[in-house]
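Pasted below: my_file-v6.csv, CSV, C-alpha atoms and all ligand atoms.
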chain,number,residue,atom,x,y,z
A,1355,MET,CA,-30.2,-35.0,-15.8
A,1356,GLU,CA,-30.7,-31.3,-16.4
A,1357,SER,CA,-28.0,-31.0,-19.0
A,1358,LYS,CA,-29.4,-33.8,-21.1
A,1359,ASN,CA,-30.9,-31.4,-23.6
A,1360,PHE,CA,-27.6,-29.5,-23.9
A,1361,ASP,CA,-25.9,-32.8,-24.7
A,1362,ASN,CA,-28.5,-33.7,-27.3
A,1363,LEU,CA,-28.1,-30.2,-28.8
A,1364,ILE,CA,-24.3,-30.9,-29.2
A,1365,PHE,CA,-24.9,-34.3,-30.8
A,1366,GLY,CA,-27.6,-32.9,-33.0
A,1367,LEU,CA,-25.4,-30.0,-34.2
A,1368,ALA,CA,-22.5,-32.4,-34.9
A,1369,GLU,CA,-24.8,-34.4,-37.2
A,1370,PHE,CA,-26.3,-31.2,-38.8
A,1371,ILE,CA,-22.8,-30.0,-39.6
A,1372,CYS,CA,-21.8,-33.4,-41.0
A,1373,ARG,CA,-24.7,-32.9,-43.5
A,1374,ASP,CA,-23.3,-29.4,-44.5
A,1375,ALA,CA,-26.0,-27.7,-42.4
A,1376,LYS,CA,-28.8,-28.4,-44.7
A,1377,TYR,CA,-32.5,-28.8,-43.9
A,1378,PRO,CA,-34.2,-30.9,-42.7
A,1379,TYR,CA,-32.8,-30.8,-39.2
A,1380,PRO,CA,-31.7,-34.2,-37.9
A,1381,LYS,CA,-34.3,-35.6,-35.5
A,1382,MET,CA,-32.2,-35.2,-32.4
A,1383,LEU,CA,-31.4,-31.6,-33.2
A,1384,SER,CA,-35.0,-30.8,-33.9
A,1385,HIS,CA,-36.1,-32.2,-30.6
A,1386,ALA,CA,-33.3,-30.4,-28.8
A,1387,LEU,CA,-34.3,-27.1,-30.5
A,1388,ASN,CA,-38.0,-27.5,-29.6
A,1389,LYS,CA,-37.0,-28.0,-26.0
A,1390,LEU,CA,-34.6,-25.1,-26.1
A,1391,ALA,CA,-37.3,-22.8,-27.5
A,1392,LEU,CA,-39.3,-23.5,-24.3
A,1393,ASP,CA,-36.3,-23.2,-21.9
A,1394,LEU,CA,-34.9,-19.9,-23.2
A,1395,THR,CA,-35.5,-17.0,-20.9
A,1396,LYS,CA,-32.6,-14.6,-21.6
A,1397,VAL,CA,-33.3,-14.1,-25.3
A,1398,LEU,CA,-36.1,-14.8,-27.8
A,1399,TYR,CA,-35.8,-17.9,-29.8
A,1400,PRO,CA,-34.7,-16.8,-33.3
A,1401,ARG,CA,-37.3,-17.1,-36.1
A,1402,THR,CA,-34.9,-17.9,-39.0
A,1403,LEU,CA,-32.1,-20.4,-39.5
A,1404,THR,CA,-29.6,-17.5,-40.0
A,1405,GLY,CA,-30.7,-16.0,-36.7
A,1406,LEU,CA,-30.4,-19.4,-35.0
A,1407,LEU,CA,-26.9,-20.0,-36.3
A,1408,ALA,CA,-25.8,-16.5,-35.2
A,1409,LEU,CA,-27.2,-17.2,-31.7
A,1410,LEU,CA,-25.3,-20.5,-31.5
A,1411,GLU,CA,-22.0,-18.7,-32.2
A,1412,LYS,CA,-22.5,-16.4,-29.2
A,1413,PRO,CA,-21.0,-17.3,-25.8
A,1414,VAL,CA,-23.5,-19.7,-24.3
A,1415,LYS,CA,-23.5,-17.8,-21.0
A,1416,THR,CA,-25.2,-14.9,-22.8
A,1417,TRP,CA,-28.2,-16.9,-23.8
A,1418,TYR,CA,-28.4,-20.5,-22.4
A,1419,PRO,CA,-30.3,-21.0,-19.2
A,1420,PRO,CA,-27.5,-21.2,-16.6
A,1421,SER,CA,-29.2,-23.9,-14.4
A,1422,LEU,CA,-29.4,-26.2,-17.5
A,1423,LEU,CA,-25.7,-25.8,-18.5
A,1424,PRO,CA,-23.3,-28.6,-17.6
A,1425,LYS,CA,-20.5,-27.4,-15.4
A,1426,GLU,CA,-17.9,-29.0,-17.6
A,1427,PHE,CA,-18.7,-26.7,-20.6
A,1428,ASP,CA,-16.8,-23.4,-20.6
A,1429,SER,CA,-19.7,-21.0,-21.1
A,1430,ASP,CA,-17.4,-18.2,-22.5
A,1431,PHE,CA,-17.6,-20.2,-25.8
A,1432,GLY,CA,-20.4,-20.6,-28.3
A,1433,LEU,CA,-21.5,-23.9,-29.7
A,1434,LEU,CA,-20.5,-23.0,-33.2
A,1435,TYR,CA,-17.6,-21.1,-34.7
A,1436,GLU,CA,-17.7,-20.0,-38.3
A,1437,GLY,CA,-20.4,-22.6,-39.0
A,1438,SER,CA,-18.5,-25.6,-37.5
A,1439,LEU,CA,-18.6,-26.9,-34.0
A,1440,SER,CA,-16.6,-24.6,-31.8
A,1441,GLU,CA,-13.4,-25.9,-30.2
A,1442,GLU,CA,-15.1,-26.1,-26.8
A,1443,ALA,CA,-18.1,-27.9,-28.3
A,1444,SER,CA,-15.7,-30.5,-30.0
A,1445,ARG,CA,-13.8,-30.9,-26.7
A,1446,TYR,CA,-17.0,-31.3,-24.8
A,1447,LEU,CA,-18.2,-33.9,-27.3
A,1448,TYR,CA,-15.1,-35.9,-27.5
A,1449,GLU,CA,-13.6,-35.6,-24.0
A,1450,GLU,CA,-16.7,-35.4,-21.7
A,1451,LEU,CA,-19.8,-36.6,-23.5
A,1452,LEU,CA,-18.5,-39.7,-25.2
A,1453,GLU,CA,-16.7,-40.7,-22.0
A,1454,ARG,CA,-19.9,-41.0,-20.1
A,1455,THR,CA,-22.6,-41.6,-22.6
A,1456,LYS,CA,-23.7,-45.1,-23.4
A,1457,LEU,CA,-25.5,-44.3,-26.6
A,1458,SER,CA,-29.0,-45.8,-26.8
A,1459,ASN,CA,-30.4,-47.3,-29.9
A,1460,SER,CA,-32.5,-44.2,-30.4
A,1461,ALA,CA,-29.4,-42.0,-30.7
A,1462,SER,CA,-28.9,-40.5,-34.1
A,1463,ALA,CA,-26.8,-42.3,-36.7
A,1464,VAL,CA,-24.1,-39.7,-36.7
A,1465,ALA,CA,-24.0,-39.7,-32.8
A,1466,GLN,CA,-23.5,-43.4,-33.0
A,1467,GLN,CA,-21.0,-43.1,-35.7
A,1468,ILE,CA,-18.9,-40.7,-33.6
A,1469,ALA,CA,-19.1,-43.0,-30.7
A,1470,ILE,CA,-18.1,-46.0,-32.7
A,1471,GLU,CA,-15.1,-44.2,-34.1
A,1472,ASN,CA,-14.2,-43.3,-30.6
A,1473,LEU,CA,-14.4,-46.9,-29.6
A,1474,GLN,CA,-12.3,-48.2,-32.4
A,1475,PHE,CA,-9.0,-47.2,-30.7
A,1476,GLN,CA,-10.3,-48.0,-27.3
A,1477,LYS,CA,-11.1,-51.6,-28.4
A,1478,ILE,CA,-7.5,-52.1,-29.7
A,1479,LEU,CA,-6.1,-50.7,-26.6
A,1480,GLU,CA,-8.2,-52.9,-24.3
A,1481,ARG,CA,-7.3,-56.0,-26.3
A,1482,LEU,CA,-3.6,-55.3,-26.2
A,1483,GLN,CA,-3.8,-54.5,-22.5
A,1484,GLU,CA,-5.5,-57.9,-21.9
A,1485,ILE,CA,-2.8,-59.8,-23.7
A,1486,TYR,CA,-0.1,-57.8,-21.8
A,1487,ASN,CA,-1.7,-58.4,-18.4
A,1488,ASN,CA,-2.1,-62.1,-19.1
A,1489,ASP,CA,1.7,-62.1,-19.5
A,1490,ASN,CA,1.3,-63.4,-23.0
A,1491,ASP,CA,4.1,-62.0,-25.2
A,1492,PRO,CA,4.3,-58.8,-23.1
A,1493,GLU,CA,7.4,-57.3,-24.8
A,1494,GLN,CA,6.1,-57.7,-28.3
A,1495,VAL,CA,2.7,-56.4,-27.5
A,1496,GLN,CA,4.2,-53.4,-25.8
A,1497,GLN,CA,6.4,-52.7,-28.7
A,1498,GLU,CA,3.5,-53.0,-31.2
A,1499,TYR,CA,1.4,-50.6,-29.1
A,1500,VAL,CA,4.2,-48.0,-29.2
A,1501,TRP,CA,4.5,-48.5,-33.0
A,1502,LEU,CA,0.8,-47.9,-33.4
A,1503,ARG,CA,0.6,-44.9,-31.1
A,1504,ARG,CA,3.6,-43.2,-32.6
A,1505,PHE,CA,2.4,-44.0,-36.1
A,1506,LEU,CA,-1.0,-42.3,-35.4
A,1507,ILE,CA,0.8,-39.2,-33.9
A,1508,GLU,CA,3.4,-38.9,-36.7
A,1509,ASN,CA,1.2,-39.9,-39.7
A,1510,PRO,CA,-2.0,-37.9,-39.6
A,1511,TYR,CA,-2.1,-38.9,-43.3
A,1512,THR,CA,-1.1,-42.3,-44.6
A,1513,THR,CA,-1.5,-44.5,-47.6
A,1514,THR,CA,-2.6,-48.1,-48.0
A,1515,VAL,CA,0.9,-48.9,-49.2
A,1516,GLN,CA,2.5,-47.4,-46.1
A,1517,LEU,CA,0.1,-49.2,-43.8
A,1518,ARG,CA,0.9,-52.5,-45.5
A,1519,LYS,CA,4.6,-51.8,-45.1
A,1520,VAL,CA,4.5,-50.9,-41.4
A,1521,PHE,CA,1.9,-53.3,-40.1
A,1522,SER,CA,2.4,-56.5,-42.2
A,1523,GLN,CA,4.7,-58.1,-39.6
A,1524,THR,CA,2.8,-57.2,-36.4
A,1525,ARG,CA,1.6,-60.1,-34.4
A,1526,HIS,CA,-1.2,-58.4,-32.5
A,1527,LEU,CA,-2.4,-55.7,-34.9
A,1528,SER,CA,-4.0,-56.1,-38.3
A,1529,ILE,CA,-3.4,-53.7,-41.2
A,1530,GLN,CA,-7.2,-53.5,-41.6
A,1531,GLU,CA,-7.9,-52.4,-38.0
A,1532,VAL,CA,-5.2,-49.7,-38.2
A,1533,GLY,CA,-6.6,-48.6,-41.6
A,1534,GLU,CA,-10.1,-48.2,-40.0
A,1535,LEU,CA,-8.7,-45.4,-37.8
A,1536,TYR,CA,-8.3,-43.4,-41.0
A,1537,GLU,CA,-10.8,-42.4,-43.7
A,1538,GLU,CA,-10.2,-42.2,-47.4
A,1539,CYS,CA,-9.5,-38.8,-48.9
A,1540,GLU,CA,-11.7,-38.1,-51.9
A,1541,GLU,CA,-10.1,-37.8,-55.3
A,1542,ASN,CA,-8.6,-34.3,-55.9
A,1543,GLU,CA,-9.8,-33.1,-52.5
A,1544,PRO,CA,-7.3,-30.5,-51.2
A,1545,CYS,CA,-5.4,-32.1,-48.3
A,1546,TRP,CA,-3.5,-29.9,-45.9
A,1547,ASN,CA,-1.5,-30.7,-42.8
A,1548,CYS,CA,0.0,-28.7,-40.0
A,1549,ASP,CA,3.1,-30.2,-38.2
A,1550,ARG,CA,1.8,-28.7,-35.0
A,1551,CYS,CA,-1.9,-29.7,-35.0
A,1552,GLY,CA,-2.5,-32.2,-37.9
A,1553,PRO,CA,-5.0,-32.2,-40.8
A,1554,LEU,CA,-6.5,-28.8,-41.6
A,1555,PHE,CA,-9.8,-28.0,-43.3
A,1556,GLU,CA,-10.8,-25.1,-45.4
A,1557,LYS,CA,-13.4,-22.6,-44.2
A,1558,TYR,CA,-14.3,-19.4,-46.0
A,1559,GLY,CA,-11.1,-19.6,-48.0
A,1560,GLN,CA,-8.8,-20.0,-45.0
A,1561,LEU,CA,-7.2,-23.1,-43.5
A,1562,ARG,CA,-8.5,-24.0,-40.0
A,1563,GLY,CA,-7.0,-26.4,-37.4
A,1564,ILE,CA,-8.9,-28.6,-35.1
A,1565,LYS,CA,-7.9,-26.8,-31.9
A,1566,PRO,CA,-7.4,-23.0,-32.6
A,1567,SER,CA,-6.5,-22.3,-28.9
A,1568,ALA,CA,-3.3,-24.4,-29.4
A,1569,CYS,CA,-2.5,-23.5,-33.1
A,1570,ASN,CA,-4.3,-20.8,-35.1
A,1571,ASP,CA,-2.0,-19.4,-37.8
A,1572,HIS,CA,-2.3,-21.5,-40.9
A,1573,ARG,CA,-1.2,-19.2,-43.7
A,1574,GLN,CA,-0.3,-21.4,-46.7
A,1575,ASP,CA,3.3,-20.1,-46.9
A,1576,LEU,CA,4.3,-21.0,-43.4
A,1577,PRO,CA,7.0,-23.7,-43.2
A,1578,TYR,CA,4.9,-26.0,-40.9
A,1579,VAL,CA,1.9,-25.9,-43.2
A,1580,GLN,CA,2.0,-28.4,-46.1
A,1581,LYS,CA,-0.2,-29.3,-49.0
A,1582,LEU,CA,-0.4,-33.0,-49.8
A,1583,THR,CA,-0.8,-34.2,-53.4
A,1584,TRP,CA,-3.7,-36.6,-53.7
A,1585,LYS,CA,-2.9,-40.1,-54.7
A,1586,GLN,CA,-4.7,-43.4,-54.8
A,1587,GLY,CA,-5.1,-44.8,-51.3
A,1588,LEU,CA,-4.4,-41.5,-49.4
A,1589,ARG,CA,-6.1,-41.6,-46.0
A,1590,ARG,CA,-6.6,-39.1,-43.2
A,1591,LEU,CA,-7.1,-39.8,-39.5
A,1592,LYS,CA,-10.7,-39.8,-38.5
A,1593,PHE,CA,-11.7,-36.7,-36.5
A,1594,GLY,CA,-12.1,-38.5,-33.2
A,1595,ILE,CA,-8.7,-40.2,-33.5
A,1596,HIS,CA,-7.1,-37.0,-34.5
A,1597,TRP,CA,-8.7,-35.2,-31.5
A,1598,ARG,CA,-8.1,-37.9,-28.9
A,1599,ILE,CA,-4.8,-39.6,-30.0
A,1600,CYS,CA,-2.8,-37.5,-32.5
A,1601,LEU,CA,-3.3,-34.0,-31.1
A,1602,PRO,CA,-2.4,-34.8,-27.4
A,1603,GLY,CA,0.4,-37.0,-28.7
A,1604,ILE,CA,2.3,-34.1,-30.4
A,1605,PRO,CA,3.5,-32.6,-27.0
A,1606,GLU,CA,4.1,-36.1,-25.7
A,1607,MET,CA,6.5,-36.9,-28.6
A,1608,ARG,CA,8.1,-33.5,-28.3
A,1609,LEU,CA,9.0,-34.2,-24.7
A,1610,PHE,CA,10.1,-37.7,-25.5
A,1611,LYS,CA,12.5,-36.5,-28.2
A,1612,VAL,CA,14.1,-33.9,-25.8
A,1613,LEU,CA,14.6,-36.7,-23.2
A,1614,GLU,CA,15.9,-39.0,-25.8
A,1615,ASP,CA,18.6,-36.5,-26.7
A,1616,LEU,CA,19.5,-36.1,-23.0
A,1617,GLN,CA,19.7,-39.8,-22.6
A,1618,SER,CA,22.1,-40.2,-25.5
A,1619,ASN,CA,24.4,-37.6,-23.9
A,1620,TYR,CA,24.0,-38.8,-20.3
A,1621,SER,CA,23.3,-42.5,-20.7
A,1622,GLU,CA,25.3,-43.4,-17.6
A,1623,GLN,CA,22.9,-41.3,-15.4
A,1624,LEU,CA,19.7,-41.7,-17.3
A,1625,CYS,CA,19.7,-45.3,-18.4
A,1626,ALA,CA,16.3,-45.7,-20.2
A,1627,ILE,CA,13.2,-44.0,-21.2
A,1628,HIS,CA,10.1,-46.1,-21.9
A,1629,LEU,CA,7.3,-44.7,-24.0
A,1630,TYR,CA,3.7,-45.5,-22.9
A,1631,PRO,CA,4.8,-48.2,-20.5
A,1632,GLY,CA,2.4,-51.0,-19.5
A,1633,ILE,CA,0.4,-50.3,-22.7
A,1634,ASP,CA,-0.3,-46.7,-21.9
A,1635,ARG,CA,-0.6,-46.6,-18.1
A,1636,TYR,CA,1.2,-43.3,-18.4
A,1637,ASP,CA,3.3,-41.4,-21.1
A,1638,LEU,CA,6.9,-41.9,-20.1
A,1639,GLN,CA,9.0,-43.7,-17.6
A,1640,LEU,CA,12.5,-42.5,-16.9
A,1641,CYS,CA,14.9,-44.9,-15.3
A,1642,PHE,CA,18.0,-43.5,-13.6
A,1643,CYS,CA,21.2,-45.4,-12.8
A,1644,ASN,CA,20.7,-45.2,-9.1
A,1645,GLY,CA,17.6,-47.4,-9.5
A,1646,SER,CA,15.0,-44.6,-9.1
A,1647,ASN,CA,12.2,-44.2,-11.6
A,1648,TRP,CA,10.1,-41.3,-12.6
A,1649,ALA,CA,6.6,-41.5,-14.2
A,1650,VAL,CA,5.5,-38.7,-16.5
A,1651,ASP,CA,2.2,-37.7,-18.1
A,1652,VAL,CA,1.8,-34.8,-20.5
A,1653,LYS,CA,-1.4,-32.9,-20.3
A,1654,ASP,CA,-2.3,-30.2,-22.9
A,1655,TYR,CA,-5.6,-28.6,-21.8
A,1656,ARG,CA,-6.5,-25.0,-22.4
A,1657,ASP,CA,-8.4,-24.7,-19.2
A,1658,PRO,CA,-6.8,-25.7,-15.9
A,1659,TYR,CA,-10.3,-26.1,-14.3
A,1660,ASN,CA,-11.1,-28.8,-16.9
A,1661,LEU,CA,-7.8,-30.5,-16.3
A,1662,ALA,CA,-7.8,-30.6,-12.5
A,1663,PRO,CA,-10.5,-33.2,-12.0
A,1664,LYS,CA,-8.6,-35.5,-14.5
A,1665,LEU,CA,-5.4,-35.6,-12.4
A,1666,THR,CA,-5.1,-38.7,-10.3
A,1667,SER,CA,-2.3,-40.8,-8.9
A,1668,LEU,CA,-0.6,-42.6,-11.8
A,1669,PHE,CA,-0.6,-46.4,-11.8
A,1670,GLY,CA,2.6,-47.7,-10.2
A,1671,GLU,CA,2.4,-51.4,-9.7
A,1672,GLY,CA,5.2,-53.9,-10.7
A,1673,ASP,CA,7.5,-52.7,-13.4
A,1674,LEU,CA,5.6,-49.4,-13.5
A,1675,HIS,CA,6.8,-48.5,-10.0
A,1676,TYR,CA,8.0,-45.0,-9.7
A,1677,ASP,CA,9.6,-42.8,-6.9
A,1678,GLU,CA,8.2,-39.6,-8.2
A,1679,SER,CA,5.6,-38.7,-10.8
A,1680,PHE,CA,5.0,-35.6,-12.9
A,1681,TYR,CA,2.2,-34.0,-14.8
A,1682,VAL,CA,3.9,-31.9,-17.4
A,1683,ILE,CA,2.1,-28.9,-19.0
A,1684,PRO,CA,3.2,-27.5,-22.4
A,1685,ASN,CA,4.9,-24.1,-22.0
A,1686,GLN,CA,2.4,-22.5,-24.4
A,1687,ARG,CA,-0.5,-23.1,-22.0
A,1688,LEU,CA,1.3,-21.3,-19.2
A,1689,GLN,CA,2.1,-18.4,-21.6
A,1690,GLN,CA,-1.6,-18.1,-22.4
A,1691,ARG,CA,-2.5,-18.0,-18.7
A,1692,GLU,CA,0.0,-16.9,-16.1
A,1693,ASP,CA,-1.9,-18.4,-13.1
A,1694,TYR,CA,-2.4,-21.8,-14.8
A,1695,LEU,CA,-0.2,-23.8,-12.4
A,1696,GLU,CA,-1.4,-22.0,-9.4
A,1697,ILE,CA,-5.1,-22.8,-10.3
A,1698,LEU,CA,-4.2,-26.4,-11.1
A,1699,ARG,CA,-2.3,-26.9,-7.8
A,1700,GLU,CA,-5.2,-25.3,-5.9
A,1701,GLN,CA,-7.7,-27.5,-7.6
A,1702,ALA,CA,-5.7,-30.7,-7.4
A,1703,LYS,CA,-4.8,-30.7,-3.7
A,1704,LYS,CA,-5.8,-34.3,-3.2
A,1705,LEU,CA,-2.7,-35.5,-5.2
A,1706,PRO,CA,0.0,-37.2,-3.2
A,1707,SER,CA,3.2,-35.3,-2.4
A,1708,ILE,CA,5.3,-37.4,-4.8
A,1709,THR,CA,3.2,-36.0,-7.8
A,1710,HIS,CA,4.4,-32.7,-9.2
A,1711,LEU,CA,2.8,-30.3,-11.6
A,1712,LEU,CA,5.4,-28.6,-13.8
A,1713,SER,CA,5.9,-26.8,-17.1
A,1714,GLU,CA,7.8,-28.5,-19.9
A,1715,THR,CA,10.8,-26.2,-19.3
A,1716,ALA,CA,10.8,-26.7,-15.5
A,1717,PHE,CA,10.6,-30.5,-16.0
A,1718,GLY,CA,13.5,-30.5,-18.4
A,1719,LYS,CA,15.5,-28.6,-15.7
A,1720,ARG,CA,14.5,-31.1,-13.1
A,1721,VAL,CA,15.8,-34.0,-15.2
A,1722,MET,CA,19.1,-32.1,-15.7
A,1723,THR,CA,19.5,-31.4,-12.0
A,1724,LYS,CA,18.9,-35.1,-11.3
A,1725,ILE,CA,21.5,-36.1,-13.9
A,1726,GLU,CA,24.0,-33.6,-12.3
A,1727,CYS,CA,23.4,-35.0,-8.8
A,1728,LEU,CA,24.1,-38.5,-10.1
A,1729,GLN,CA,27.3,-37.3,-11.8
A,1730,VAL,CA,28.5,-35.7,-8.5
A,1731,GLY,CA,27.5,-38.7,-6.5
A,1732,LYS,CA,29.7,-40.9,-8.8
A,1733,SER,CA,32.8,-38.7,-8.8
A,1734,SER,CA,32.8,-38.1,-5.0
B,1801,ZN,ZN,-1.7,-26.0,-36.7

What does this structure look like when you write it as structure tokens?
Amino acid sequence: MESKNFDNLIFGLAEFICRDAKYPYPKMLSHALNKLALDLTKVLYPRTLTGLLALLEKPVKTWYPPSLLPKEFDSDFGLLYEGSLSEEASRYLYEELLERTKLSNSASAVAQQIAIENLQFQKILERLQEIYNNDNDPEQVQQEYVWLRRFLIENPYTTTVQLRKVFSQTRHLSIQEVGELYEECEENEPCWNCDRCGPLFEKYGQLRGIKPSACNDHRQDLPYVQKLTWKQGLRRLKFGIHWRICLPGIPEMRLFKVLEDLQSNYSEQLCAIHLYPGIDRYDLQLCFCNGSNWAVDVKDYRDPYNLAPKLTSLFGEGDLHYDESFYVIPNQRLQQREDYLEILREQAKKLPSITHLLSETAFGKRVMTKIECLQVGKSS
């Protein structure tokens, strides 16, 4: 595979940064850099570490051989940003690379560590799905899955005491396995959180979020930025869980809460909303009083071209049956790029006609229209 060296470069850089960018280079990085030195045609290979780090911050399209670049990586971005993996490199690592890489034994320790972290949640999910599918305690297992998922989204920091309180009565989840999705905060380490994007880290005296394209203003006096006081047993979500579960979960929960409000006002029309039905077959199921069901999945991607290939027909067997389905895009993404939905619709032509692509606002209006239709239907 032509992009293999690019992938190794990303893994190697992830490991290098974990070690605070100190010599010697991790083995994987050093191999990838040797190969890179031979492949470079557009620029000369830098002679110093400073020169190399500066090159890695530049948009890859300006220096990386185009034929060796994976098409899933947005080449307008560099591999590093202010000395850390760039947002695009993190996205590529967590959303593309780990999805398809079966790491061999020769992979570096950190690459394996990242993959293991990524698998921790996957393993819980698969186990709960199996119990559910075998019709063994399905309601309880569904309930516990929702508790876990919401907990990870709403508690990017937790404590051992809180974990014990919340997960001591669960039948299918252990306190220990939930605790392993978090890492311990070091004593007196400054811990910051943003309500909009989760745990923050300090870089060059400023607070940085995990996904600057979604949330980039973290001045310490902003109301959604908080400092946590360190205490014994304080834990922070592991990076991979933060990236894959917590961050995408924030717009999912935001939509859920809007719909919950609508449901409490119009419960005769909108009878129920199920979160992550069928152990996460999709995000939300809306059940209307005339018996029709809608399935909803929220997708928060910066680039519609990256999102398009991920859109497929939602699972709709048995209780998860739906009459219409919706992919909902956070408003902010459409403000950042006016032709977002146009591109997405063009790229996702193969979707069935009952699947709609809408903004958060347009979806809210669609639900309201449905409620009004049902009200009229009843009074006439
Ligand atoms: Zn933020």

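With distances restricted to all atoms listed in the file, A:Arg1445 is the closest residue to Ile1564 in chain A from A:Lys1581, A:Arg1445, A:Lys1704, A:Arg1699.
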
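The nearest approach to ligand ZN 1801 (chain B) among the residues A:Leu1576, A:Ile1725, A:Val1652, A:Cys1625, with only C-alpha atoms and all ligand atoms taken into account, belongs to A:Leu1576.
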
Using all atoms listed in the file and a cutoff of 7 Å, can you tell me which residues are near (-9.4, -44.2, -32.9) in the file's coordinates, and write them out as a PyMOL selection string?
chain A and resi 1471-1476+1535+1594-1595

Go ahead and dump the residues you just picked, C-alpha atoms, as a tab-separated table (two decimals), in the frame of the given file.
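Listed below is the output, result32.tsv:
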chain	number	residue	atom	x	y	z
A	1471	GLU	CA	-15.10	-44.20	-34.10
A	1472	ASN	CA	-14.20	-43.30	-30.60
A	1473	LEU	CA	-14.40	-46.90	-29.60
A	1474	GLN	CA	-12.30	-48.20	-32.40
A	1475	PHE	CA	-9.00	-47.20	-30.70
A	1476	GLN	CA	-10.30	-48.00	-27.30
A	1535	LEU	CA	-8.70	-45.40	-37.80
A	1594	GLY	CA	-12.10	-38.50	-33.20
A	1595	ILE	CA	-8.70	-40.20	-33.50

Nearby residues, ligand ZN 1801 (chain B), 12 Å, all atoms listed in the file, as an NGL selection string:
:A and (1546-1555 or 1561-1574 or 1576-1580 or 1601 or 1604)

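Counting all atoms listed in the file and comparing A:Cys1600, A:Glu1426, A:Met1607, A:Leu1447, the residue that lies closest to Pro1663 in chain A is A:Glu1426.
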
Contacts of Gly1645 in chain A at 12 Å (all atoms listed in the file; same-chain gap of 4+ positions) as a ChimeraX atom specification:
/A:1622-1626,1640-1641,1675-1677,1728

Within 6 Å of file point (7.4, -25.8, -19.0), counting only C-alpha atoms, expressed as a PyMOL selection string:
chain A and resi 1684-1685+1713-1716

To one decimal in Å, tell me the separation between CA of Lys1592 in chain A and CA of Glu1540 in chain A.
13.5 Å

Sorted by chain and rising residue number, list the residues of range 1604-1670 of chain A at most 9 Å from range 1497-1519 of chain A (counting only C-alpha atoms), each with its closest atom pair and distance in Å to one decimal, as a tab-separated table.
residue	atom	partner	partner_atom	distance
A:Ile1604	CA	A:Ile1507	CA	6.4
A:Met1607	CA	A:Arg1504	CA	8.0
A:Leu1629	CA	A:Val1500	CA	6.9
A:Tyr1630	CA	A:Val1500	CA	6.8
A:Pro1631	CA	A:Val1500	CA	8.7
A:Ile1633	CA	A:Tyr1499	CA	6.5
A:Asp1634	CA	A:Tyr1499	CA	8.4

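Minimum atom-to-atom distance to Asn1359 in chain A, evaluated using only C-alpha atoms, belongs to A:Lys1389 out of A:Lys1389, A:His1596, A:Arg1656, A:Lys1376.
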
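The shortest atom-to-atom distance to Leu1367 in chain A, with all atoms listed in the file taken into account, belongs to A:Leu1434 out of A:Leu1451, A:Leu1422, A:Val1397, A:Leu1434.
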
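With CA of Ala1443 in chain A on one side and CA of Ile1599 in chain A on the other, the separation reads 17.8 Å.
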
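When CA of Ile1683 in chain A is paired with CA of Tyr1655 in chain A, their separation reads 8.2 Å.
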
Residue nearest Asn1488 in chain A among A:Asn1542, A:Leu1390, A:Arg1590, A:Gly1632 (counting all atoms listed in the file)
A:Gly1632
